[in-house]
There are 2 protein chains.
Amino acid sequence: MQTDPKLVALRRGLLEPLVLAAVESQQRYAAEILAALREAGFPAQEGALYPLLSKLRRDGLVHHEWRESPSGPPRKYFSLTDAGRGQLAAFRGYWDELTHVIETIGR
Amino acid sequence: MQTDPKLVALRRGLLEPLVLAAVESQQRYAAEILAALREAGFPAQEGALYPLLSKLRRDGLVHHEWRESPSGPPRKYFSLTDAGRGQLAAFRGYWDELTHVIETIGR
């Protein structure tokens with residue numbers, strides 16, 4: 001993904017909604033969320049994801065449940081709360097609004 | 001437009017590409033650029049636009065020509081340079097890439 005600082009600036013503020021989106025349709029544990037972000041092409045850092053998950057939980061946007069792992073210790077599986085769904089919907093609506101601005105401004 | 005700080009963060013970095021887009025298809029003077037941004041729903045501030053136009057000119061992304069005004073002093077009409085067109089195309093490509101990430105991440 002982009003390394004031009006001007007374009008990288010566009011990524012600011014995107015990690016949080018992308019994490020919410022990553023657990024929208026299925027429960028995922030942290031390493032799966034990270035893999036989903038990277039697979040989609042977003043250069044997420046482990047060191048940013050873990051504190052963000054804690055924050056999202058404190059803010060009531062995600063919750064988690066512990067599940068046994070076939071290998072190693074139990075894992076926290078994250079999913080959206082109703083407030084998290086609301087925040088994600090607000091984000092998507094706003095992104096569409098910005099996209100509309102970008103598409104119409106020069107015409 | 002949005003006032004939620006989380007969503008407002010998404011606007012960072014957008015003013016520059018939006019200004020480039022505003023003078024893509026037609027030459028415009030500063031007040032027209034500001035009006036186009038606001039009409040499209042983007043809350044641009046005059047105090048941010050003027051220094052940005054100077055910077056874009058120094059960076060070789062826009063140029064301007066003076067034209068007589070039917071009322072008052074002559075006006076600077078801005079348009080894109082080839083480098084400005086390239087930068088705008090890079091921005092649009094990257095925005096599409098981010099949109100793709102947003103749309104696919106949870107699926």
# chains A, B, ... in the order shown; residues from 1 in each chain; ligands from 1
>>> residues_around(residues="Gly41 in chain A", least_positions_apart="2", cutoff="8 Å", atoms="only C-alpha atoms", output="VMD selection string")
(chain A and resid 1 37 to 39 43) or (chain B and resid 101)
>>> residues_around(residues="Leu61 in chain B", least_positions_apart="2", cutoff="9 Å", atoms="only C-alpha atoms", output="list in words")
Leu20, Lys55, Leu56, Arg57, Arg58, Asp59, His63, Ser79, Leu80, Thr81, Asp82, Ala83, Gly84, Arg85, Gly86 and Gln87 of chain B
>>> interface_residues(of="chain A", to="chain B", cutoff="8 Å", atoms="only C-alpha atoms", output="list in words")
Gln2, Lys6, Leu7, Ala9, Leu10, Arg11, Arg12, Gly13, Leu14, Leu18, Ala21, Ala22, Val23, Glu24, Ser25, Gln26, Ala36, Leu37, Ala40, Gly41, Phe42, Phe91, Tyr94, Val101, Ile102, Thr104, Ile105, Gly106 and Arg107 of chain A
>>> atom_distance(atom1="CA of Glu68 in chain B", atom2="CA of Leu88 in chain B")
28.4 Å
>>> closest_residue(among="B:Leu53, B:Ala48, B:Gly60, B:Leu15", to="Phe78 in chain B", atoms="only C-alpha atoms")
B:Leu53
>>> select_by_dssp(residues="chain A", states="alpha helix (DSSP H)", output="VMD selection string")
chain A and resid 5 to 8 15 to 22 30 to 39 46 to 58 82 to 104
>>> atom_distance(atom1="CA of Leu34 in chain B", atom2="CA of Leu52 in chain B")
11.8 Å
>>> closest_residue(among="A:Tyr50, A:Thr3, A:Gln45, A:Gly93", to="Ala30 in chain A", atoms="only C-alpha atoms")
A:Tyr50
>>> select_by_dssp(residues="chain B", states="strand (DSSP E or B)", output="PyMOL selection string")
chain B and resi 28+62-67+75-80
>>> atom_distance(atom1="CA of Glu32 in chain A", atom2="CA of Val62 in chain A")
15.2 Å
>>> decode(residues="chain A", atoms="C-alpha atoms", output="mmCIF file, in the first residue's frame")
data_model
loop_
_atom_site.group_PDB
_atom_site.id
_atom_site.type_symbol
_atom_site.label_atom_id
_atom_site.label_comp_id
_atom_site.auth_asym_id
_atom_site.auth_seq_id
_atom_site.Cartn_x
_atom_site.Cartn_y
_atom_site.Cartn_z
ATOM 1 C CA MET A 1 0.000 0.000 0.000
ATOM 2 C CA GLN A 2 0.975 3.680 -0.415
ATOM 3 C CA THR A 3 4.093 5.149 1.179
ATOM 4 C CA ASP A 4 3.663 8.711 -0.197
ATOM 5 C CA PRO A 5 3.147 10.739 3.027
ATOM 6 C CA LYS A 6 0.314 12.726 1.446
ATOM 7 C CA LEU A 7 -1.580 9.563 0.668
ATOM 8 C CA VAL A 8 -0.612 7.779 3.881
ATOM 9 C CA ALA A 9 -2.369 10.621 5.743
ATOM 10 C CA LEU A 10 -5.639 9.295 4.320
ATOM 11 C CA ARG A 11 -5.208 6.133 6.359
ATOM 12 C CA ARG A 12 -5.383 7.985 9.671
ATOM 13 C CA GLY A 13 -8.524 7.123 11.503
ATOM 14 C CA LEU A 14 -9.154 4.045 9.372
ATOM 15 C CA LEU A 15 -7.768 1.348 11.674
ATOM 16 C CA GLU A 16 -10.638 1.530 14.130
ATOM 17 C CA PRO A 17 -13.499 1.198 11.611
ATOM 18 C CA LEU A 18 -11.593 -1.514 9.751
ATOM 19 C CA VAL A 19 -11.222 -3.527 12.959
ATOM 20 C CA LEU A 20 -14.946 -3.122 13.624
ATOM 21 C CA ALA A 21 -15.664 -4.288 10.064
ATOM 22 C CA ALA A 22 -13.357 -7.282 10.511
ATOM 23 C CA VAL A 23 -15.531 -8.672 13.309
ATOM 24 C CA GLU A 24 -18.868 -7.660 11.849
ATOM 25 C CA SER A 25 -19.922 -10.930 10.231
ATOM 26 C CA GLN A 26 -17.844 -13.373 12.228
ATOM 27 C CA GLN A 27 -16.112 -13.617 15.570
ATOM 28 C CA ARG A 28 -12.359 -13.357 15.225
ATOM 29 C CA TYR A 29 -9.415 -13.421 17.590
ATOM 30 C CA ALA A 30 -6.686 -10.793 17.382
ATOM 31 C CA ALA A 31 -4.326 -12.665 15.076
ATOM 32 C CA GLU A 32 -7.210 -13.354 12.682
ATOM 33 C CA ILE A 33 -8.186 -9.673 12.666
ATOM 34 C CA LEU A 34 -4.596 -8.724 11.868
ATOM 35 C CA ALA A 35 -4.468 -11.308 9.078
ATOM 36 C CA ALA A 36 -7.782 -10.051 7.629
ATOM 37 C CA LEU A 37 -6.505 -6.453 7.593
ATOM 38 C CA ARG A 38 -3.263 -7.408 5.931
ATOM 39 C CA GLU A 39 -4.931 -9.709 3.441
ATOM 40 C CA ALA A 40 -7.180 -6.817 2.444
ATOM 41 C CA GLY A 41 -4.017 -4.797 1.829
ATOM 42 C CA PHE A 42 -4.050 -2.626 4.945
ATOM 43 C CA PRO A 43 -0.651 -2.394 6.683
ATOM 44 C CA ALA A 44 -1.825 -2.887 10.272
ATOM 45 C CA GLN A 45 0.709 -3.230 13.084
ATOM 46 C CA GLU A 46 0.270 -5.728 15.897
ATOM 47 C CA GLY A 47 1.457 -3.080 18.363
ATOM 48 C CA ALA A 48 -1.443 -0.818 17.355
ATOM 49 C CA LEU A 49 -4.101 -3.520 17.211
ATOM 50 C CA TYR A 50 -3.912 -4.844 20.771
ATOM 51 C CA PRO A 51 -4.378 -1.517 22.573
ATOM 52 C CA LEU A 52 -7.118 -0.613 20.105
ATOM 53 C CA LEU A 53 -9.037 -3.812 20.896
ATOM 54 C CA SER A 54 -8.867 -2.961 24.613
ATOM 55 C CA LYS A 55 -10.061 0.550 23.901
ATOM 56 C CA LEU A 56 -12.930 -0.651 21.721
ATOM 57 C CA ARG A 57 -13.984 -2.943 24.511
ATOM 58 C CA ARG A 58 -13.854 -0.162 27.118
ATOM 59 C CA ASP A 59 -15.887 2.015 24.734
ATOM 60 C CA GLY A 60 -18.477 -0.744 24.496
ATOM 61 C CA LEU A 61 -18.060 -1.229 20.746
ATOM 62 C CA VAL A 62 -16.841 -4.836 20.874
ATOM 63 C CA HIS A 63 -17.112 -7.642 23.359
ATOM 64 C CA HIS A 64 -15.253 -10.926 23.476
ATOM 65 C CA GLU A 65 -15.692 -14.443 24.671
ATOM 66 C CA TRP A 66 -12.994 -16.907 25.568
ATOM 67 C CA ARG A 67 -12.828 -20.093 23.556
ATOM 68 C CA GLU A 68 -10.601 -23.109 23.787
ATOM 69 C CA SER A 69 -7.889 -23.285 21.160
ATOM 70 C CA PRO A 70 -6.975 -26.579 19.466
ATOM 71 C CA SER A 71 -3.378 -25.580 20.190
ATOM 72 C CA GLY A 72 -2.132 -23.429 23.038
ATOM 73 C CA PRO A 73 -4.083 -21.246 25.486
ATOM 74 C CA PRO A 74 -7.737 -20.116 25.093
ATOM 75 C CA ARG A 75 -8.400 -17.237 22.722
ATOM 76 C CA LYS A 76 -10.499 -14.094 22.959
ATOM 77 C CA TYR A 77 -13.009 -14.034 20.113
ATOM 78 C CA PHE A 78 -14.250 -10.531 19.384
ATOM 79 C CA SER A 79 -17.599 -9.469 17.976
ATOM 80 C CA LEU A 80 -19.556 -6.219 17.650
ATOM 81 C CA THR A 81 -21.945 -4.869 20.221
ATOM 82 C CA ASP A 82 -25.018 -2.941 19.054
ATOM 83 C CA ALA A 83 -23.079 0.277 19.696
ATOM 84 C CA GLY A 84 -20.236 -1.115 17.548
ATOM 85 C CA ARG A 85 -22.673 -1.833 14.712
ATOM 86 C CA GLY A 86 -23.965 1.711 14.988
ATOM 87 C CA GLN A 87 -20.451 3.164 14.867
ATOM 88 C CA LEU A 88 -19.551 1.053 11.844
ATOM 89 C CA ALA A 89 -22.725 2.120 10.026
ATOM 90 C CA ALA A 90 -21.941 5.782 10.799
ATOM 91 C CA PHE A 91 -18.422 5.292 9.453
ATOM 92 C CA ARG A 92 -19.668 3.663 6.239
ATOM 93 C CA GLY A 93 -22.214 6.409 5.699
ATOM 94 C CA TYR A 94 -19.541 9.044 6.176
ATOM 95 C CA TRP A 95 -17.077 7.307 3.873
ATOM 96 C CA ASP A 96 -19.756 7.236 1.159
ATOM 97 C CA GLU A 97 -20.367 10.926 1.743
ATOM 98 C CA LEU A 98 -16.643 11.710 1.322
ATOM 99 C CA THR A 99 -16.511 9.530 -1.792
ATOM 100 C CA HIS A 100 -19.414 11.513 -3.207
ATOM 101 C CA VAL A 101 -17.559 14.782 -2.531
ATOM 102 C CA ILE A 102 -14.449 13.427 -4.276
ATOM 103 C CA GLU A 103 -16.436 12.294 -7.285
ATOM 104 C CA THR A 104 -18.486 15.450 -7.739
ATOM 105 C CA ILE A 105 -16.183 18.295 -6.761
ATOM 106 C CA GLY A 106 -14.533 18.872 -10.129
ATOM 107 C CA ARG A 107 -17.551 18.261 -12.322
#
